[in-house]
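Q: Before I ask anything, here is the structure I am working with.
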There are 2 protein chains.
Amino acid sequence: MITNTEFRNAMSKLVSAVHIVTTDGKSGRHGFTASAVCSVTDTPPTLLVCMNGNARSYEHFVENQVLCVNTLSERQADLSGVFASPLTADERFAKAGWTMLATGSPVLCDSLVSFDCQIDEIKTVGTHSIFICKIIAVKSGDGTAKGLAYCDRAYHSVVAQG
Amino acid sequence: MITNTEFRNAMSKLVSAVHIVTTDGKSGRHGFTASAVCSVTDTPPTLLVCMNGNARSYEHFVENQVLCVNTLSERQADLSGVFASPLTADERFAKAGWTMLATGSPVLCDSLVSFDCQIDEIKTVGTHSIFICKIIAVKSGDGTAKGLAYCDRAYHSVVAQG
């Protein structure tokens, strides 16, 4: 087995997209910054989100049973910081424009792409839960920006090779 | 619900790392190119890999019960193509140098980072299976290269922002 520090240092090298994962419903409006989002299958269209069970908004996601994965463009590193800060939910959402699709979860107006989802199943592994989500609706941006990338504990832009 | 095409087009915008996922054991040596890999928790150190149940090497991973996630550096786009090609397993592995850590799964010599894992649990969702894996050992590269990024159906390098 490896240590937590070895795990974190190794994982920090991986290039990932950056997402603001949101929810709304009877448990209120909440959102957090995430990189642990993964495509699962297109039959039926499914993605997964990993979330720390100790996060302050965890129970709200479980109760609302819906979420939206808003993938950030390279112009939105600031918003990533906002949704990982000590600000309240209302203060966080005030920093950007929002709309909605099918589930009522907040959809970021100028996201790279947004996936509006129903949480189908929750699988707990250690400290974290894997939300397995059916994608109900998508919204794509205007195509003028590339995705924001995160690795080596810093924000990056991507540049096509060769 | 969205269509398969809408799902694929939306997912293609996400920046991801590129990995060669390998296995070895009583069912032989196999490997495939993957982007659907995700950190789960550091307590205990866990990652997940999504794999199509119809992939030709799927049953070998299930039988061996071990795998190694070899994350590619920006210099290794060619190897990504090799492990997504019609070549046989032996032909694929002949294109690079390999070592091993704890489980016996092939560890790419000059990977950005490699995660040697025991498959703890397999969760099936539609056409795909989620391998939930305990990380037994890691190997980091020499730190001279950044990770390879994939988005918009093309290979990219990453460049730090401002």
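Chain labels follow the order of the structure tokens: the first chain is A, the next B, and so on; residue numbering restarts at 1 in every chain, and ligands are counted from 1 in their shown order.
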Env of Asn52 of chain A: 10 Å cut, atoms = only C-alpha atoms, seq-sep filter 6 positions within chain, self excluded. Answer as a PyMOL selection string.
A: (chain A and resi 58+124-130) or (chain B and resi 40-41)
Q: Please write the residues from the selection above to a file, keeping C-alpha atoms, as a PDB file, in the first residue's frame.
A:
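This went into selection_34.pdb:
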```
ATOM      1  CA  TYR A  58     -22.604  16.236   0.425  1.00  0.00           C
ATOM      2  CA  THR A 124     -19.327   4.448  -1.226  1.00  0.00           C
ATOM      3  CA  VAL A 125     -15.568   3.696  -1.246  1.00  0.00           C
ATOM      4  CA  GLY A 126     -13.633   4.734   1.861  1.00  0.00           C
ATOM      5  CA  THR A 127     -14.088   8.458   2.522  1.00  0.00           C
ATOM      6  CA  HIS A 128     -15.722   9.138  -0.853  1.00  0.00           C
ATOM      7  CA  SER A 129     -18.907   8.342  -2.733  1.00  0.00           C
ATOM      8  CA  ILE A 130     -19.204   7.668  -6.437  1.00  0.00           C
TER       9      ILE A 130
ATOM     10  CA  VAL B  40     -11.569   8.092  -5.923  1.00  0.00           C
ATOM     11  CA  THR B  41     -10.050   8.521  -2.435  1.00  0.00           C
TER      12      THR B  41
END
```
Q: For chain A against chain B, which residues fall within 7 Å using only C-alpha atoms, given as a short mmCIF file (atom, residue, chain, number, x, y, z; two decimals) with N, CA, C and O atoms, in the first residue's frame?
A:
```cif
data_model
loop_
_atom_site.label_atom_id
_atom_site.label_comp_id
_atom_site.auth_asym_id
_atom_site.auth_seq_id
_atom_site.Cartn_x
_atom_site.Cartn_y
_atom_site.Cartn_z
N MET A 1 0.86 -1.21 0.00
CA MET A 1 0.00 0.00 0.00
C MET A 1 0.89 1.25 0.00
O MET A 1 1.97 1.25 0.56
N ILE A 2 0.40 2.30 -0.63
CA ILE A 2 1.14 3.56 -0.65
C ILE A 2 0.57 4.51 0.39
O ILE A 2 -0.55 4.32 0.87
N ASN A 4 -0.83 8.31 1.83
CA ASN A 4 -1.69 9.37 1.31
C ASN A 4 -0.89 10.39 0.52
O ASN A 4 -1.34 10.91 -0.50
N PHE A 7 0.10 9.05 -2.81
CA PHE A 7 -1.10 9.06 -3.66
C PHE A 7 -1.35 10.46 -4.22
O PHE A 7 -1.55 10.64 -5.42
N ALA A 10 1.34 11.62 -6.77
CA ALA A 10 1.21 10.91 -8.05
C ALA A 10 0.00 11.41 -8.82
O ALA A 10 0.08 11.71 -10.02
N LYS A 13 -0.04 14.78 -10.94
CA LYS A 13 0.58 14.87 -12.27
C LYS A 13 -0.43 14.71 -13.41
O LYS A 13 -0.16 15.10 -14.54
N LEU A 14 -1.59 14.10 -13.10
CA LEU A 14 -2.57 13.82 -14.16
C LEU A 14 -3.26 15.09 -14.65
O LEU A 14 -3.75 15.88 -13.84
N VAL A 15 -3.30 15.26 -15.96
CA VAL A 15 -4.06 16.36 -16.54
C VAL A 15 -5.55 16.05 -16.39
O VAL A 15 -6.00 14.95 -16.71
N SER A 16 -6.31 17.04 -15.90
CA SER A 16 -7.75 16.82 -15.83
C SER A 16 -8.52 18.07 -16.20
O SER A 16 -7.97 19.19 -16.17
N ALA A 17 -9.76 17.88 -16.58
CA ALA A 17 -10.70 18.99 -16.75
C ALA A 17 -11.08 19.50 -15.37
O ALA A 17 -10.85 18.83 -14.36
N ALA A 36 -12.72 15.05 -10.26
CA ALA A 36 -12.98 13.61 -10.32
C ALA A 36 -14.34 13.32 -10.94
O ALA A 36 -15.30 12.95 -10.28
N VAL A 37 -14.39 13.54 -12.26
CA VAL A 37 -15.58 13.29 -13.07
C VAL A 37 -15.14 12.41 -14.23
O VAL A 37 -14.05 12.60 -14.76
N CYS A 38 -15.96 11.46 -14.62
CA CYS A 38 -15.51 10.47 -15.61
C CYS A 38 -16.68 9.99 -16.45
O CYS A 38 -17.76 9.72 -15.92
N SER A 39 -16.47 9.89 -17.74
CA SER A 39 -17.44 9.27 -18.65
C SER A 39 -17.54 7.77 -18.33
O SER A 39 -16.52 7.13 -18.08
N VAL A 40 -18.75 7.22 -18.34
CA VAL A 40 -18.91 5.79 -18.05
C VAL A 40 -19.35 5.02 -19.29
O VAL A 40 -18.68 4.09 -19.72
N THR A 41 -20.47 5.39 -19.88
CA THR A 41 -20.97 4.68 -21.07
C THR A 41 -21.94 5.59 -21.80
O THR A 41 -22.55 6.48 -21.20
N ASP A 42 -22.08 5.37 -23.12
CA ASP A 42 -23.08 6.11 -23.89
C ASP A 42 -24.39 5.33 -24.00
O ASP A 42 -25.33 5.81 -24.62
N THR A 43 -24.44 4.13 -23.41
CA THR A 43 -25.62 3.28 -23.52
C THR A 43 -25.97 2.69 -22.16
O THR A 43 -25.50 1.61 -21.84
N PRO A 44 -26.79 3.37 -21.35
CA PRO A 44 -27.36 4.70 -21.57
C PRO A 44 -26.36 5.78 -21.17
O PRO A 44 -25.44 5.50 -20.39
N PRO A 45 -26.50 7.01 -21.71
CA PRO A 45 -25.54 8.09 -21.42
C PRO A 45 -25.37 8.29 -19.92
O PRO A 45 -26.30 8.67 -19.22
N CYS A 50 -17.05 11.73 -8.26
CA CYS A 50 -16.61 11.30 -6.92
C CYS A 50 -16.67 12.49 -5.98
O CYS A 50 -16.19 13.57 -6.32
N VAL A 113 -19.13 23.03 -21.51
CA VAL A 113 -20.24 22.10 -21.75
C VAL A 113 -20.83 21.76 -20.38
O VAL A 113 -20.11 21.79 -19.36
N GLY A 126 -14.43 3.99 0.87
CA GLY A 126 -13.63 4.73 1.86
C GLY A 126 -14.32 6.04 2.22
O GLY A 126 -15.53 6.07 2.49
N THR A 127 -13.56 7.14 2.16
CA THR A 127 -14.09 8.46 2.52
C THR A 127 -15.02 9.05 1.47
O THR A 127 -15.68 10.06 1.74
N HIS A 128 -15.03 8.50 0.27
CA HIS A 128 -15.72 9.14 -0.85
C HIS A 128 -16.92 8.32 -1.35
O HIS A 128 -17.01 7.11 -1.10
N ILE A 135 -27.40 10.97 -17.72
CA ILE A 135 -27.39 12.32 -18.30
C ILE A 135 -28.73 12.57 -19.00
O ILE A 135 -29.10 11.86 -19.95
N ILE A 136 -29.44 13.59 -18.53
CA ILE A 136 -30.78 13.89 -19.04
C ILE A 136 -30.72 14.92 -20.16
O ILE A 136 -31.52 14.88 -21.10
N ALA A 137 -29.81 15.88 -20.04
CA ALA A 137 -29.72 16.96 -21.03
C ALA A 137 -28.29 17.50 -21.05
O ALA A 137 -27.57 17.39 -20.05
N SER A 140 -23.97 22.83 -24.81
CA SER A 140 -22.60 23.12 -25.23
C SER A 140 -22.40 24.63 -25.36
O SER A 140 -23.34 25.36 -25.67
N GLY A 147 -11.06 23.80 -23.28
CA GLY A 147 -11.28 23.48 -21.88
C GLY A 147 -10.13 23.92 -20.99
O GLY A 147 -8.98 24.00 -21.42
N ALA A 149 -7.51 23.15 -18.11
CA ALA A 149 -6.81 21.94 -17.66
C ALA A 149 -6.14 22.22 -16.32
O ALA A 149 -5.69 23.33 -16.05
N TYR A 155 -3.37 25.77 -12.93
CA TYR A 155 -4.23 25.82 -14.11
C TYR A 155 -3.40 25.92 -15.37
O TYR A 155 -2.37 26.62 -15.40
N HIS A 156 -3.86 25.24 -16.41
CA HIS A 156 -3.16 25.21 -17.69
C HIS A 156 -4.17 25.40 -18.83
O HIS A 156 -5.37 25.14 -18.66
N SER A 157 -3.66 25.87 -19.97
CA SER A 157 -4.41 25.82 -21.21
C SER A 157 -3.85 24.69 -22.05
O SER A 157 -2.73 24.21 -21.80
N VAL A 158 -4.62 24.22 -23.02
CA VAL A 158 -4.14 23.14 -23.88
C VAL A 158 -3.82 23.70 -25.27
O VAL A 158 -4.48 24.63 -25.75
N VAL A 159 -2.81 23.12 -25.90
CA VAL A 159 -2.37 23.54 -27.22
C VAL A 159 -2.22 22.27 -28.08
O VAL A 159 -1.56 21.33 -27.66
N ALA A 160 -2.84 22.26 -29.25
CA ALA A 160 -2.81 21.07 -30.11
C ALA A 160 -1.37 20.72 -30.49
O ALA A 160 -0.55 21.61 -30.74
N GLN A 161 -1.08 19.41 -30.52
CA GLN A 161 0.26 18.94 -30.91
C GLN A 161 0.37 18.86 -32.43
O GLN A 161 -0.62 18.59 -33.11
#
```
Q: Please identify which residues in chain A DSSP calls strand (DSSP E) from the backbone, and express them as a PyMOL selection string.
A: chain A and resi 16-17+19-23+30-34+37-42+45-52+66-71+98-99+107-108+113-125+128-140+149-151+154-160
Q: So that I can check the surroundings of segment 90-101 of chain A, please list as a compact mmCIF listing (two decimals) with all heavy atoms, in the first residue's frame every protein, DNA and RNA residue that reaches within 12 Å of it, counting only C-alpha atoms and ignoring chain neighbours fewer than 3 positions away.
A:
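Contents of the output file part_37.txt:
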```txt
# COMPACT_ATOMS: atom_id res chain seq x y z
N ILE A 20 -17.53 22.64 -12.21
CA ILE A 20 -18.34 23.08 -11.08
C ILE A 20 -19.56 22.16 -11.07
O ILE A 20 -20.36 22.17 -12.01
CB ILE A 20 -18.80 24.55 -11.22
CG1 ILE A 20 -17.63 25.48 -11.49
CG2 ILE A 20 -19.58 24.96 -9.97
CD1 ILE A 20 -16.65 25.64 -10.37
N VAL A 21 -19.67 21.35 -10.02
CA VAL A 21 -20.79 20.41 -9.91
C VAL A 21 -21.83 21.07 -9.00
O VAL A 21 -21.51 21.48 -7.88
CB VAL A 21 -20.33 19.07 -9.32
CG1 VAL A 21 -21.50 18.09 -9.28
CG2 VAL A 21 -19.19 18.48 -10.15
N THR A 22 -23.06 21.20 -9.51
CA THR A 22 -24.11 21.93 -8.80
C THR A 22 -25.33 21.04 -8.55
O THR A 22 -25.50 20.00 -9.20
CB THR A 22 -24.58 23.14 -9.63
OG1 THR A 22 -25.14 22.64 -10.86
CG2 THR A 22 -23.43 24.09 -9.94
N THR A 23 -26.16 21.48 -7.63
CA THR A 23 -27.46 20.82 -7.41
C THR A 23 -28.46 21.87 -6.95
O THR A 23 -28.08 22.94 -6.45
CB THR A 23 -27.35 19.69 -6.36
OG1 THR A 23 -28.58 18.94 -6.34
CG2 THR A 23 -27.08 20.23 -4.96
N ASP A 24 -29.73 21.57 -7.12
CA ASP A 24 -30.79 22.37 -6.52
C ASP A 24 -31.99 21.45 -6.33
O ASP A 24 -32.11 20.43 -7.01
CB ASP A 24 -31.16 23.58 -7.40
CG ASP A 24 -31.85 24.69 -6.61
OD1 ASP A 24 -32.16 24.49 -5.41
OD2 ASP A 24 -32.05 25.77 -7.18
N GLY A 28 -31.97 22.68 -1.32
CA GLY A 28 -31.32 23.95 -1.63
C GLY A 28 -30.26 23.86 -2.72
O GLY A 28 -29.99 22.78 -3.25
N ARG A 29 -29.68 25.04 -3.03
CA ARG A 29 -28.73 25.18 -4.13
C ARG A 29 -27.30 25.12 -3.60
O ARG A 29 -26.95 25.88 -2.68
CB ARG A 29 -28.98 26.51 -4.82
CG ARG A 29 -28.16 26.75 -6.05
CD ARG A 29 -28.61 28.00 -6.78
NE ARG A 29 -28.35 29.21 -6.02
CZ ARG A 29 -28.29 30.44 -6.54
NH1 ARG A 29 -28.51 30.62 -7.83
NH2 ARG A 29 -28.05 31.48 -5.77
N HIS A 30 -26.50 24.25 -4.17
CA HIS A 30 -25.13 24.05 -3.70
C HIS A 30 -24.23 23.74 -4.89
O HIS A 30 -24.71 23.32 -5.94
CB HIS A 30 -25.08 22.89 -2.69
CG HIS A 30 -25.96 23.14 -1.51
ND1 HIS A 30 -25.56 23.85 -0.41
CD2 HIS A 30 -27.25 22.79 -1.28
CE1 HIS A 30 -26.56 23.95 0.45
NE2 HIS A 30 -27.60 23.30 -0.04
N GLY A 31 -22.91 23.92 -4.68
CA GLY A 31 -21.98 23.62 -5.75
C GLY A 31 -20.56 23.53 -5.23
O GLY A 31 -20.22 24.16 -4.21
N PHE A 32 -19.74 22.75 -5.91
CA PHE A 32 -18.33 22.62 -5.51
C PHE A 32 -17.48 22.36 -6.75
O PHE A 32 -17.97 21.88 -7.77
CB PHE A 32 -18.14 21.50 -4.48
CG PHE A 32 -18.38 20.11 -5.00
CD1 PHE A 32 -17.33 19.26 -5.32
CD2 PHE A 32 -19.68 19.63 -5.20
CE1 PHE A 32 -17.55 17.97 -5.81
CE2 PHE A 32 -19.93 18.35 -5.69
CZ PHE A 32 -18.86 17.53 -5.99
N THR A 33 -16.19 22.66 -6.64
CA THR A 33 -15.24 22.42 -7.72
C THR A 33 -14.76 20.98 -7.67
O THR A 33 -14.41 20.47 -6.59
CB THR A 33 -14.03 23.37 -7.57
OG1 THR A 33 -14.52 24.71 -7.60
CG2 THR A 33 -13.04 23.17 -8.69
N VAL A 66 -30.21 15.08 -7.87
CA VAL A 66 -29.88 15.59 -9.20
C VAL A 66 -28.60 16.41 -9.10
O VAL A 66 -28.25 16.90 -8.02
CB VAL A 66 -31.00 16.49 -9.80
CG1 VAL A 66 -32.26 15.67 -10.05
CG2 VAL A 66 -31.30 17.68 -8.89
N LEU A 67 -27.89 16.54 -10.22
CA LEU A 67 -26.71 17.41 -10.26
C LEU A 67 -26.43 17.82 -11.69
O LEU A 67 -26.91 17.18 -12.64
CB LEU A 67 -25.50 16.72 -9.61
CG LEU A 67 -24.95 15.42 -10.19
CD1 LEU A 67 -24.10 15.67 -11.44
CD2 LEU A 67 -24.10 14.70 -9.15
N CYS A 68 -25.68 18.90 -11.83
CA CYS A 68 -25.20 19.32 -13.15
C CYS A 68 -23.68 19.45 -13.10
O CYS A 68 -23.14 20.11 -12.21
CB CYS A 68 -25.85 20.63 -13.57
SG CYS A 68 -25.39 21.12 -15.25
N VAL A 69 -23.01 18.80 -14.04
CA VAL A 69 -21.56 18.93 -14.20
C VAL A 69 -21.30 20.03 -15.22
O VAL A 69 -21.63 19.87 -16.40
CB VAL A 69 -20.92 17.61 -14.67
CG1 VAL A 69 -19.44 17.80 -14.99
CG2 VAL A 69 -21.11 16.52 -13.63
N ASN A 70 -20.77 21.17 -14.75
CA ASN A 70 -20.46 22.30 -15.62
C ASN A 70 -18.96 22.34 -15.85
O ASN A 70 -18.19 22.69 -14.94
CB ASN A 70 -20.91 23.60 -14.94
CG ASN A 70 -22.41 23.66 -14.72
OD1 ASN A 70 -23.16 23.92 -15.65
ND2 ASN A 70 -22.84 23.39 -13.49
N LEU A 72 -15.50 23.74 -17.10
CA LEU A 72 -15.02 25.11 -17.29
C LEU A 72 -14.15 25.26 -18.53
O LEU A 72 -13.43 24.34 -18.92
CB LEU A 72 -14.21 25.55 -16.06
CG LEU A 72 -14.98 25.58 -14.73
CD1 LEU A 72 -14.08 26.10 -13.61
CD2 LEU A 72 -16.24 26.44 -14.84
N GLN A 76 -12.01 30.41 -17.28
CA GLN A 76 -12.80 30.38 -16.04
C GLN A 76 -12.06 29.84 -14.82
O GLN A 76 -12.69 29.34 -13.89
CB GLN A 76 -14.08 29.57 -16.29
CG GLN A 76 -14.99 30.24 -17.32
CD GLN A 76 -16.18 29.40 -17.67
OE1 GLN A 76 -16.04 28.22 -18.01
NE2 GLN A 76 -17.36 29.99 -17.59
N ASP A 78 -10.78 31.46 -12.45
CA ASP A 78 -11.23 32.19 -11.26
C ASP A 78 -12.44 31.52 -10.62
O ASP A 78 -12.54 31.43 -9.39
CB ASP A 78 -11.60 33.64 -11.61
CG ASP A 78 -10.38 34.49 -11.93
OD1 ASP A 78 -9.26 33.99 -11.74
OD2 ASP A 78 -10.57 35.64 -12.37
N LEU A 79 -13.38 31.09 -11.43
CA LEU A 79 -14.61 30.48 -10.92
C LEU A 79 -14.31 29.15 -10.21
O LEU A 79 -14.97 28.79 -9.23
CB LEU A 79 -15.60 30.27 -12.07
CG LEU A 79 -17.05 30.08 -11.67
CD1 LEU A 79 -17.59 31.28 -10.89
CD2 LEU A 79 -17.91 29.85 -12.92
N SER A 80 -13.30 28.44 -10.70
CA SER A 80 -12.87 27.23 -10.01
C SER A 80 -12.47 27.55 -8.58
O SER A 80 -12.86 26.85 -7.63
CB SER A 80 -11.69 26.60 -10.77
OG SER A 80 -11.10 25.56 -10.02
N GLY A 81 -11.72 28.64 -8.41
CA GLY A 81 -11.31 29.06 -7.07
C GLY A 81 -12.49 29.44 -6.19
O GLY A 81 -12.54 29.09 -5.00
N VAL A 82 -13.47 30.11 -6.77
CA VAL A 82 -14.65 30.53 -6.02
C VAL A 82 -15.38 29.33 -5.41
O VAL A 82 -15.77 29.35 -4.23
CB VAL A 82 -15.61 31.33 -6.94
CG1 VAL A 82 -16.99 31.48 -6.30
CG2 VAL A 82 -15.02 32.69 -7.29
N PHE A 83 -15.54 28.28 -6.19
CA PHE A 83 -16.31 27.11 -5.72
C PHE A 83 -15.46 26.13 -4.89
O PHE A 83 -15.93 25.05 -4.53
CB PHE A 83 -17.01 26.43 -6.89
CG PHE A 83 -18.33 27.08 -7.23
CD1 PHE A 83 -18.38 28.23 -8.01
CD2 PHE A 83 -19.53 26.58 -6.72
CE1 PHE A 83 -19.60 28.85 -8.30
CE2 PHE A 83 -20.74 27.19 -7.00
CZ PHE A 83 -20.77 28.33 -7.79
N ALA A 84 -14.23 26.52 -4.62
CA ALA A 84 -13.39 25.75 -3.70
C ALA A 84 -13.01 26.62 -2.50
O ALA A 84 -12.12 26.25 -1.73
CB ALA A 84 -12.15 25.26 -4.42
N SER A 85 -13.67 27.75 -2.35
CA SER A 85 -13.33 28.73 -1.30
C SER A 85 -14.26 28.59 -0.10
O SER A 85 -15.23 27.83 -0.14
CB SER A 85 -13.48 30.14 -1.87
OG SER A 85 -14.86 30.47 -1.97
N PRO A 86 -14.01 29.36 0.99
CA PRO A 86 -14.91 29.31 2.16
C PRO A 86 -16.22 30.09 1.95
O PRO A 86 -17.03 30.14 2.87
CB PRO A 86 -14.07 29.97 3.27
CG PRO A 86 -12.68 30.02 2.77
CD PRO A 86 -12.79 30.12 1.27
N LEU A 87 -16.43 30.70 0.78
CA LEU A 87 -17.67 31.45 0.55
C LEU A 87 -18.91 30.56 0.74
O LEU A 87 -18.85 29.36 0.52
CB LEU A 87 -17.69 32.02 -0.88
CG LEU A 87 -16.66 33.10 -1.22
CD1 LEU A 87 -16.75 33.47 -2.69
CD2 LEU A 87 -16.88 34.33 -0.35
N GLY A 104 -33.36 21.18 -12.98
CA GLY A 104 -33.39 22.33 -12.09
C GLY A 104 -32.05 22.64 -11.45
O GLY A 104 -31.90 23.65 -10.76
N SER A 105 -31.04 21.80 -11.65
CA SER A 105 -29.69 22.09 -11.15
C SER A 105 -29.13 23.29 -11.90
O SER A 105 -29.37 23.44 -13.11
CB SER A 105 -28.77 20.88 -11.36
OG SER A 105 -29.29 19.75 -10.72
N PRO A 106 -28.35 24.14 -11.22
CA PRO A 106 -27.80 25.32 -11.88
C PRO A 106 -26.86 24.95 -13.04
O PRO A 106 -25.93 24.15 -12.87
CB PRO A 106 -27.03 26.03 -10.75
CG PRO A 106 -27.74 25.60 -9.50
CD PRO A 106 -28.11 24.17 -9.76
N VAL A 107 -27.12 25.54 -14.20
CA VAL A 107 -26.32 25.34 -15.41
C VAL A 107 -25.57 26.63 -15.69
O VAL A 107 -26.19 27.68 -15.86
CB VAL A 107 -27.24 24.97 -16.60
CG1 VAL A 107 -26.43 24.86 -17.89
CG2 VAL A 107 -27.99 23.67 -16.31
N LEU A 108 -24.26 26.55 -15.71
CA LEU A 108 -23.41 27.73 -15.90
C LEU A 108 -23.58 28.27 -17.32
O LEU A 108 -23.38 27.54 -18.29
CB LEU A 108 -21.95 27.33 -15.64
CG LEU A 108 -20.89 28.41 -15.78
CD1 LEU A 108 -21.12 29.56 -14.79
CD2 LEU A 108 -19.50 27.79 -15.56
N CYS A 109 -23.92 29.58 -17.43
CA CYS A 109 -24.27 30.16 -18.74
C CYS A 109 -23.16 29.98 -19.78
O CYS A 109 -23.43 29.62 -20.91
CB CYS A 109 -24.60 31.64 -18.60
SG CYS A 109 -26.22 31.90 -17.85
N ASP A 110 -21.92 30.25 -19.40
CA ASP A 110 -20.85 30.20 -20.39
C ASP A 110 -19.87 29.05 -20.12
O ASP A 110 -18.67 29.18 -20.34
CB ASP A 110 -20.12 31.54 -20.47
CG ASP A 110 -19.68 32.03 -19.09
OD1 ASP A 110 -20.03 31.35 -18.09
OD2 ASP A 110 -18.99 33.05 -19.01
N SER A 111 -20.41 27.92 -19.71
CA SER A 111 -19.57 26.73 -19.52
C SER A 111 -19.06 26.23 -20.87
O SER A 111 -19.65 26.53 -21.92
CB SER A 111 -20.37 25.61 -18.85
OG SER A 111 -21.44 25.21 -19.69
N SER A 114 -22.13 21.50 -20.32
CA SER A 114 -22.80 21.16 -19.07
C SER A 114 -23.62 19.89 -19.26
O SER A 114 -24.26 19.71 -20.30
CB SER A 114 -23.72 22.29 -18.62
OG SER A 114 -22.99 23.45 -18.29
N PHE A 115 -23.56 19.02 -18.25
CA PHE A 115 -24.27 17.74 -18.27
C PHE A 115 -25.27 17.74 -17.12
O PHE A 115 -24.88 17.69 -15.95
CB PHE A 115 -23.27 16.59 -18.07
CG PHE A 115 -22.19 16.49 -19.10
CD1 PHE A 115 -21.00 17.20 -18.96
CD2 PHE A 115 -22.34 15.69 -20.22
CE1 PHE A 115 -19.99 17.11 -19.90
CE2 PHE A 115 -21.34 15.60 -21.18
CZ PHE A 115 -20.16 16.31 -21.02
N ASP A 116 -26.55 17.77 -17.45
CA ASP A 116 -27.61 17.81 -16.45
C ASP A 116 -28.05 16.37 -16.15
O ASP A 116 -28.43 15.64 -17.07
CB ASP A 116 -28.78 18.63 -17.01
CG ASP A 116 -29.79 19.04 -15.96
OD1 ASP A 116 -29.40 19.24 -14.79
OD2 ASP A 116 -30.98 19.17 -16.32
N CYS A 117 -27.99 15.99 -14.87
CA CYS A 117 -28.04 14.55 -14.54
C CYS A 117 -28.99 14.22 -13.39
O CYS A 117 -29.17 15.01 -12.47
CB CYS A 117 -26.66 14.08 -14.08
SG CYS A 117 -25.34 14.26 -15.29
N GLN A 118 -29.50 13.02 -13.45
CA GLN A 118 -30.19 12.36 -12.34
C GLN A 118 -29.18 11.42 -11.68
O GLN A 118 -28.52 10.65 -12.36
CB GLN A 118 -31.36 11.54 -12.93
CG GLN A 118 -32.17 10.77 -11.92
CD GLN A 118 -33.19 11.65 -11.21
OE1 GLN A 118 -33.76 12.55 -11.81
NE2 GLN A 118 -33.40 11.39 -9.93
N ILE A 135 -27.40 10.97 -17.72
CA ILE A 135 -27.39 12.32 -18.30
C ILE A 135 -28.73 12.57 -19.00
O ILE A 135 -29.10 11.86 -19.95
CB ILE A 135 -26.23 12.47 -19.29
CG1 ILE A 135 -24.90 12.13 -18.60
CG2 ILE A 135 -26.20 13.90 -19.86
CD1 ILE A 135 -23.72 11.99 -19.56
N ILE A 136 -29.44 13.59 -18.53
CA ILE A 136 -30.78 13.89 -19.04
C ILE A 136 -30.72 14.92 -20.16
O ILE A 136 -31.52 14.88 -21.10
CB ILE A 136 -31.67 14.46 -17.89
CG1 ILE A 136 -31.62 13.55 -16.66
CG2 ILE A 136 -33.09 14.67 -18.36
CD1 ILE A 136 -32.20 12.19 -16.88
N ALA A 137 -29.81 15.88 -20.04
CA ALA A 137 -29.72 16.96 -21.03
C ALA A 137 -28.29 17.50 -21.05
O ALA A 137 -27.57 17.39 -20.05
CB ALA A 137 -30.69 18.09 -20.68
N VAL A 138 -27.89 18.07 -22.18
CA VAL A 138 -26.57 18.72 -22.28
C VAL A 138 -26.72 20.10 -22.91
O VAL A 138 -27.66 20.34 -23.66
CB VAL A 138 -25.55 17.89 -23.11
CG1 VAL A 138 -25.25 16.57 -22.46
CG2 VAL A 138 -26.02 17.70 -24.53
N LYS A 139 -25.77 20.96 -22.57
CA LYS A 139 -25.69 22.29 -23.19
C LYS A 139 -24.24 22.52 -23.56
O LYS A 139 -23.36 22.39 -22.70
CB LYS A 139 -26.15 23.37 -22.21
CG LYS A 139 -26.04 24.80 -22.77
CD LYS A 139 -26.37 25.86 -21.74
CE LYS A 139 -25.23 26.11 -20.77
NZ LYS A 139 -24.03 26.70 -21.36
N SER A 140 -23.97 22.83 -24.81
CA SER A 140 -22.60 23.12 -25.23
C SER A 140 -22.40 24.63 -25.36
O SER A 140 -23.34 25.36 -25.67
CB SER A 140 -22.30 22.45 -26.57
OG SER A 140 -22.24 21.06 -26.40
N MET B 1 -33.69 12.22 -22.02
CA MET B 1 -32.44 11.49 -22.33
C MET B 1 -31.80 12.07 -23.59
O MET B 1 -32.49 12.56 -24.47
CB MET B 1 -32.76 10.00 -22.55
CG MET B 1 -31.58 9.10 -22.67
SD MET B 1 -30.74 8.81 -21.09
CE MET B 1 -31.76 7.48 -20.43
```
Q: So how far away is atom CA of Ser27 of chain A from atom CA of Gln65 of chain A, in Å?
A: 9.7 Å
Q: Would you mind reading off the distance between atom CA of Val62 of chain B and atom CA of Asp120 of chain A, one decimal, in Å?
A: 24.6 Å
